[in-house]
Amino acid sequence: MSGSVKYTWIKPPSLKELLENVGYLGKGHVRDGFLKEALRPEIERGDELAEKINRQNFPLQPVNEAELLAAEFAALEDEQDLEEFEQDLRDAVFRGFQSDNDEPLQRFRALPEPWRTQIIRRGGGATKVPLEDLVFSLAPEPERKSAVSRKHDRWVSVQALRPLAEYLVYVDEQLAYVDPVACHLFSSSDDELLAIAERVAQCAQARHIHSIENGGAGVHGRERSPQAIRRALRRRISAAVVHASGLLKLVGGEETKNGAKYVDHWTRDRWRDRVVKTENWLKNKVLTNEEKPGLALPMLEVAAGKRKTRASMWYAIVLGIRDCVRRSNEFRKRRAAELEARGELEMARELLEENLVPIFPTGTLPPEWHPNPRYGENAYDPTKTPREAVAELNKRWGRARALMRDQGVYFLGVRTVEPHEDGSPHMHLMLYVRARKVAEACRIIALQWPATTEDEATARKAGNYEGPAMKIKIWQDRSGQDAADPASYVMHYVMKSIDYDGETHPDVLAATTDGERQKAARQGARAVAWASTMNIRRISLVGFPQGTIGRWEAFFRELQSDGRNPCPHTRAILFAMRKKRWAEALLLIGAFEKKEHRQGIKSKRIQPIRKIRLNVWGDEVKETIGYYSGVTGEVMVEKKKVKWEIKDADKVEKD
């Protein structure tokens, strides 16, 4: 840009003129510095002075940075040069966060203040220790050529900090395994992240302009949106926070009894601040209906009701699965008794082997995925990130699921994902499997979590699938005895993934005198904070047709509508839900239908009604707006026109 500005050269004063007008020059180092400045080439000082005067007299007008970048893109013809240029631009955005020098503790400086305090205390230091002194204590001892200098005196005074500094250097080395950009953005505010996102968006906008001018498709709007980029940065930071907290031993370990579980305190507080911020926003909002002028529902109550509805939905689904299995098994038992009475023992035995038996697998990742285990030796691989741990867990379960289907093992149930105390994920399953296939299902599942010791391998061959990596409990039918319900096992984990009122709402916690209830609420909140930070779906159905949850929610919403639904099938579903006959409701919505393909036609009785719409980025997406009967073609449920609107409570009161 400077090449387009005219320079005005002004002859600087000569050295003689300077020395005549200046008296005492001071001490040696002052005089040397002054003379060094005075002896600079005149043309160099003249250009500097001219540049300064030009900036004062001819200020540059603000320019569109994206247009300038696009002009630079236009000068590049080779595709590889374009990619390298864009990468250089992106690197320049984070240049301030990725230092090329080898200064010790550069990563430690960027950590949140609570983390730094906790780590310094663990290393034996006081809370307030200047980082500059810690860095200076690592410097080599200066050579004493003359009298002790002031700098040498400082080096002597901070030598007591050297052990602590060396410990922090080790901490800094551990952080090298964490995403470097995210690590240096841990403590950044939303405004700072937005400023970075805007700079990255400008780079994408320049590439977009260049692509359009050359007949290309351009850059997707999501890559040019500062808000979308900021959300991506937040997700990136969240993943790095969990990784760093595990590496720095801020979560889990032997001190977990009094320490942090699942997530560190700082991350838990950040999550709670977001929840409180959302609640404060909801306090000033109400939900109004254009057809009911006097109705205004507080959004805070609506949000709380949604959480309760979600918990009730999962409770109803789990009970419905249990009741369907019970009815199926009882029917087979009655039929087997009739066959035995007629002397057909073989057929009776085969029929009983078709009964569904619940098994409860618990899958845990090997030791190299646990950053700070409470028991045993730490064998953690620092290159394995928490997100990779979740992907590994899903991959193993996906392989087991595919193998079971290939081997003809029918299964259905519920899967939940929970954190260990050190934040490493593990899963719990409640699967209903046919009795004759239980051993095969256990073998296939355990195959994805191989035995780690010879004793465990021997136990697994004997049918006892207990071990550090995979534990499978097989339900024993104790009819007539006081036995726990299979549904209660999974509901324990379901409710933990949803109910966290004790931590989010201090008033509720303060009013609770039950110590166990308070403890469970706090730990449940930490688990929810972990899932929110990791962006994990904690509960899901397995073995059911795709869209089962969506169909359940659609028909449940229809219960709240006014008027009588004309479809008989829909009325039957709504009647079952209203009477809390959850098993009938699941059967009627097609939750237990198998994916059979006969001449290319699916056997689903309920089909979705979809339409194409444009999202905020202009992309075409499919949206489910209702369901119709695959048998009669009649519309069963259809999304109604939105009549509700969120408004400010103050404006509604004035109106």
# chains A, B, ... in the order shown; residues from 1 in each chain; ligands from 1
>>> residues_around(residues="Arg374 of chain A", least_positions_apart="2", cutoff="9 Å", atoms="only C-alpha atoms", output="PyMOL selection string")
chain A and resi 252-256+372+376-378+421-422
>>> select_by_dssp(residues="segment 355-474 of chain A", states="helix (DSSP H, G or I)", output="PyMOL selection string")
chain A and resi 367-369+386-406+435-447+454-461
>>> write_last_selection(atoms="C-alpha atoms", output="compact mmCIF listing (two decimals), in the first residue's frame")
# COMPACT_ATOMS: atom_id res chain seq x y z
CA PRO A 367 -5.80 -48.21 29.74
CA GLU A 368 -4.15 -46.12 27.01
CA TRP A 369 -7.39 -44.12 26.73
CA PRO A 386 -11.18 -37.35 24.29
CA ARG A 387 -13.06 -36.97 21.01
CA GLU A 388 -11.02 -39.79 19.56
CA ALA A 389 -11.96 -41.84 22.64
CA VAL A 390 -15.66 -41.31 21.93
CA ALA A 391 -15.10 -42.22 18.27
CA GLU A 392 -13.24 -45.38 19.32
CA LEU A 393 -16.09 -46.37 21.65
CA ASN A 394 -18.65 -45.87 18.88
CA LYS A 395 -16.49 -47.75 16.39
CA ARG A 396 -16.21 -50.82 18.63
CA TRP A 397 -19.93 -50.88 19.33
CA GLY A 398 -20.66 -50.35 15.63
CA ARG A 399 -18.56 -53.39 14.69
CA ALA A 400 -20.29 -55.50 17.37
CA ARG A 401 -23.71 -54.39 16.13
CA ALA A 402 -22.87 -55.24 12.51
CA LEU A 403 -21.50 -58.68 13.45
CA MET A 404 -24.60 -59.52 15.49
CA ARG A 405 -26.85 -58.69 12.56
CA ASP A 406 -24.69 -60.76 10.21
CA ALA A 435 -32.22 -66.97 24.85
CA ARG A 436 -30.59 -69.26 22.29
CA LYS A 437 -28.44 -66.36 21.02
CA VAL A 438 -27.27 -64.95 24.37
CA ALA A 439 -23.90 -66.74 24.31
CA GLU A 440 -23.29 -65.68 20.70
CA ALA A 441 -24.18 -62.04 21.48
CA CYS A 442 -21.85 -62.00 24.48
CA ARG A 443 -19.04 -63.52 22.41
CA ILE A 444 -19.42 -60.96 19.62
CA ILE A 445 -19.56 -57.99 22.00
CA ALA A 446 -16.60 -59.23 24.02
CA LEU A 447 -14.68 -59.75 20.77
CA GLU A 454 -4.75 -64.69 30.72
CA ASP A 455 -7.05 -65.02 33.74
CA GLU A 456 -9.64 -62.86 32.08
CA ALA A 457 -9.34 -64.84 28.82
CA THR A 458 -9.87 -68.10 30.74
CA ALA A 459 -12.89 -66.67 32.53
CA ARG A 460 -14.41 -65.54 29.25
CA LYS A 461 -14.01 -69.00 27.72
>>> atom_distance(atom1="atom CA of Arg537 of chain A", atom2="atom CA of Pro425 of chain A")
11.7 Å
>>> residues_around(residues="segment 234-247 of chain A", least_positions_apart="5", cutoff="8 Å", atoms="only C-alpha atoms", output="mmCIF file with C-alpha atoms, in the first residue's frame")
data_model
loop_
_atom_site.group_PDB
_atom_site.id
_atom_site.type_symbol
_atom_site.label_atom_id
_atom_site.label_comp_id
_atom_site.auth_asym_id
_atom_site.auth_seq_id
_atom_site.Cartn_x
_atom_site.Cartn_y
_atom_site.Cartn_z
ATOM 1 C CA GLN A 174 2.472 -32.051 28.281
ATOM 2 C CA LEU A 175 0.426 -29.273 26.714
ATOM 3 C CA VAL A 178 -3.104 -30.376 22.935
ATOM 4 C CA ASP A 179 -4.444 -28.482 19.933
ATOM 5 C CA ALA A 182 -7.331 -23.964 21.065
ATOM 6 C CA CYS A 183 -4.871 -24.201 23.965
ATOM 7 C CA LEU A 185 -7.614 -19.532 23.316
ATOM 8 C CA PHE A 186 -8.823 -21.164 26.542
ATOM 9 C CA GLY A 252 -9.786 -38.080 38.275
ATOM 10 C CA VAL A 263 -14.684 -32.352 34.393
ATOM 11 C CA ASP A 264 -12.501 -29.887 36.280
ATOM 12 C CA THR A 267 -15.045 -26.230 33.045
ATOM 13 C CA PRO A 371 -5.665 -39.935 31.237
ATOM 14 C CA ASN A 372 -5.761 -40.201 35.040
ATOM 15 C CA PRO A 382 -1.234 -38.371 25.442
ATOM 16 C CA THR A 385 -7.818 -36.987 22.509
ATOM 17 C CA PRO A 386 -11.180 -37.354 24.289
ATOM 18 C CA ARG A 387 -13.061 -36.966 21.008
ATOM 19 C CA ASP A 422 -11.103 -39.005 34.734
ATOM 20 C CA GLY A 423 -13.414 -38.040 31.860
ATOM 21 C CA THR A 533 -18.539 -29.884 26.613
ATOM 22 C CA MET A 534 -17.829 -33.017 24.595
#
>>> residues_around(residues="Lys283 of chain A", least_positions_apart="6", cutoff="12 Å", atoms="only C-alpha atoms", output="list in words")
Val276, Lys277, Leu297, Pro298, Met299, Leu300, Glu301, Val302, Ala303, Ala304, Ile646, Lys647, Asp648, Ala649 and Asp650 of chain A
>>> residues_around(residues="segment 136-138 of chain A", least_positions_apart="5", cutoff="8 Å", atoms="only C-alpha atoms", output="count of residues only")
7
>>> residues_around(residues="Asn289 of chain A", least_positions_apart="3", cutoff="8 Å", atoms="only C-alpha atoms", output="ChimeraX atom specification")
/A:292-293,295-296,643-645
>>> residues_around(residues="His208 of chain A", least_positions_apart="5", cutoff="10 Å", atoms="only C-alpha atoms", output="ChimeraX atom specification")
/A:66,70,202-203,213-214,216-221,223-224
>>> write_last_selection(atoms="N, CA and C atoms", output="PDB file, in the first residue's frame")
ATOM      1  N   ALA A  66     -11.391  -7.546   2.310  1.00  0.00           N
ATOM      2  CA  ALA A  66     -11.715  -8.695   1.461  1.00  0.00           C
ATOM      3  C   ALA A  66     -11.408  -8.412   0.000  1.00  0.00           C
ATOM      4  N   ALA A  70      -8.851 -10.325  -2.355  1.00  0.00           N
ATOM      5  CA  ALA A  70      -9.300 -10.886  -3.626  1.00  0.00           C
ATOM      6  C   ALA A  70      -8.391 -10.455  -4.767  1.00  0.00           C
ATOM      7  N   GLN A 202     -12.954 -13.137   6.641  1.00  0.00           N
ATOM      8  CA  GLN A 202     -12.455 -12.279   5.572  1.00  0.00           C
ATOM      9  C   GLN A 202     -11.588 -13.060   4.591  1.00  0.00           C
ATOM     10  N   CYS A 203     -10.785 -13.966   5.118  1.00  0.00           N
ATOM     11  CA  CYS A 203      -9.979 -14.816   4.235  1.00  0.00           C
ATOM     12  C   CYS A 203     -10.886 -15.675   3.345  1.00  0.00           C
ATOM     13  N   GLU A 213     -15.361 -15.009  -9.528  1.00  0.00           N
ATOM     14  CA  GLU A 213     -14.856 -14.294 -10.702  1.00  0.00           C
ATOM     15  C   GLU A 213     -14.254 -15.231 -11.731  1.00  0.00           C
ATOM     16  N   ASN A 214     -13.803 -16.404 -11.286  1.00  0.00           N
ATOM     17  CA  ASN A 214     -13.208 -17.363 -12.201  1.00  0.00           C
ATOM     18  C   ASN A 214     -14.171 -18.486 -12.571  1.00  0.00           C
ATOM     19  N   GLY A 216     -16.112 -20.297 -10.592  1.00  0.00           N
ATOM     20  CA  GLY A 216     -16.233 -21.383  -9.638  1.00  0.00           C
ATOM     21  C   GLY A 216     -17.531 -21.328  -8.858  1.00  0.00           C
ATOM     22  N   ALA A 217     -17.709 -22.286  -7.954  1.00  0.00           N
ATOM     23  CA  ALA A 217     -18.932 -22.360  -7.146  1.00  0.00           C
ATOM     24  C   ALA A 217     -18.876 -21.471  -5.917  1.00  0.00           C
ATOM     25  N   GLY A 218     -17.714 -20.917  -5.617  1.00  0.00           N
ATOM     26  CA  GLY A 218     -17.592 -20.070  -4.435  1.00  0.00           C
ATOM     27  C   GLY A 218     -17.363 -20.871  -3.176  1.00  0.00           C
ATOM     28  N   VAL A 219     -17.426 -20.190  -2.049  1.00  0.00           N
ATOM     29  CA  VAL A 219     -17.200 -20.787  -0.732  1.00  0.00           C
ATOM     30  C   VAL A 219     -18.535 -20.841   0.005  1.00  0.00           C
ATOM     31  N   HIS A 220     -18.762 -21.932   0.703  1.00  0.00           N
ATOM     32  CA  HIS A 220     -20.026 -22.098   1.427  1.00  0.00           C
ATOM     33  C   HIS A 220     -20.211 -20.974   2.441  1.00  0.00           C
ATOM     34  N   GLY A 221     -21.462 -20.572   2.602  1.00  0.00           N
ATOM     35  CA  GLY A 221     -21.753 -19.456   3.504  1.00  0.00           C
ATOM     36  C   GLY A 221     -21.339 -19.711   4.937  1.00  0.00           C
ATOM     37  N   GLU A 223     -18.630 -21.113   5.942  1.00  0.00           N
ATOM     38  CA  GLU A 223     -17.218 -20.782   6.087  1.00  0.00           C
ATOM     39  C   GLU A 223     -16.968 -19.286   6.039  1.00  0.00           C
ATOM     40  N   ARG A 224     -17.972 -18.508   5.586  1.00  0.00           N
ATOM     41  CA  ARG A 224     -17.822 -17.059   5.521  1.00  0.00           C
ATOM     42  C   ARG A 224     -18.581 -16.338   6.624  1.00  0.00           C
TER      43      ARG A 224
END
>>> select_by_dssp(residues="segment 256-321 of chain A", states="strand (DSSP E)", output="MDAnalysis selection string")
chainID A and resid 285:289 292:298
>>> closest_residue(among="A:Pro366, A:Pro114, A:Gly305, A:Gly630", to="Leu250 of chain A", atoms="only C-alpha atoms")
A:Pro114
>>> atom_distance(atom1="atom CA of Thr364 of chain A", atom2="atom CA of Thr416 of chain A")
12.5 Å
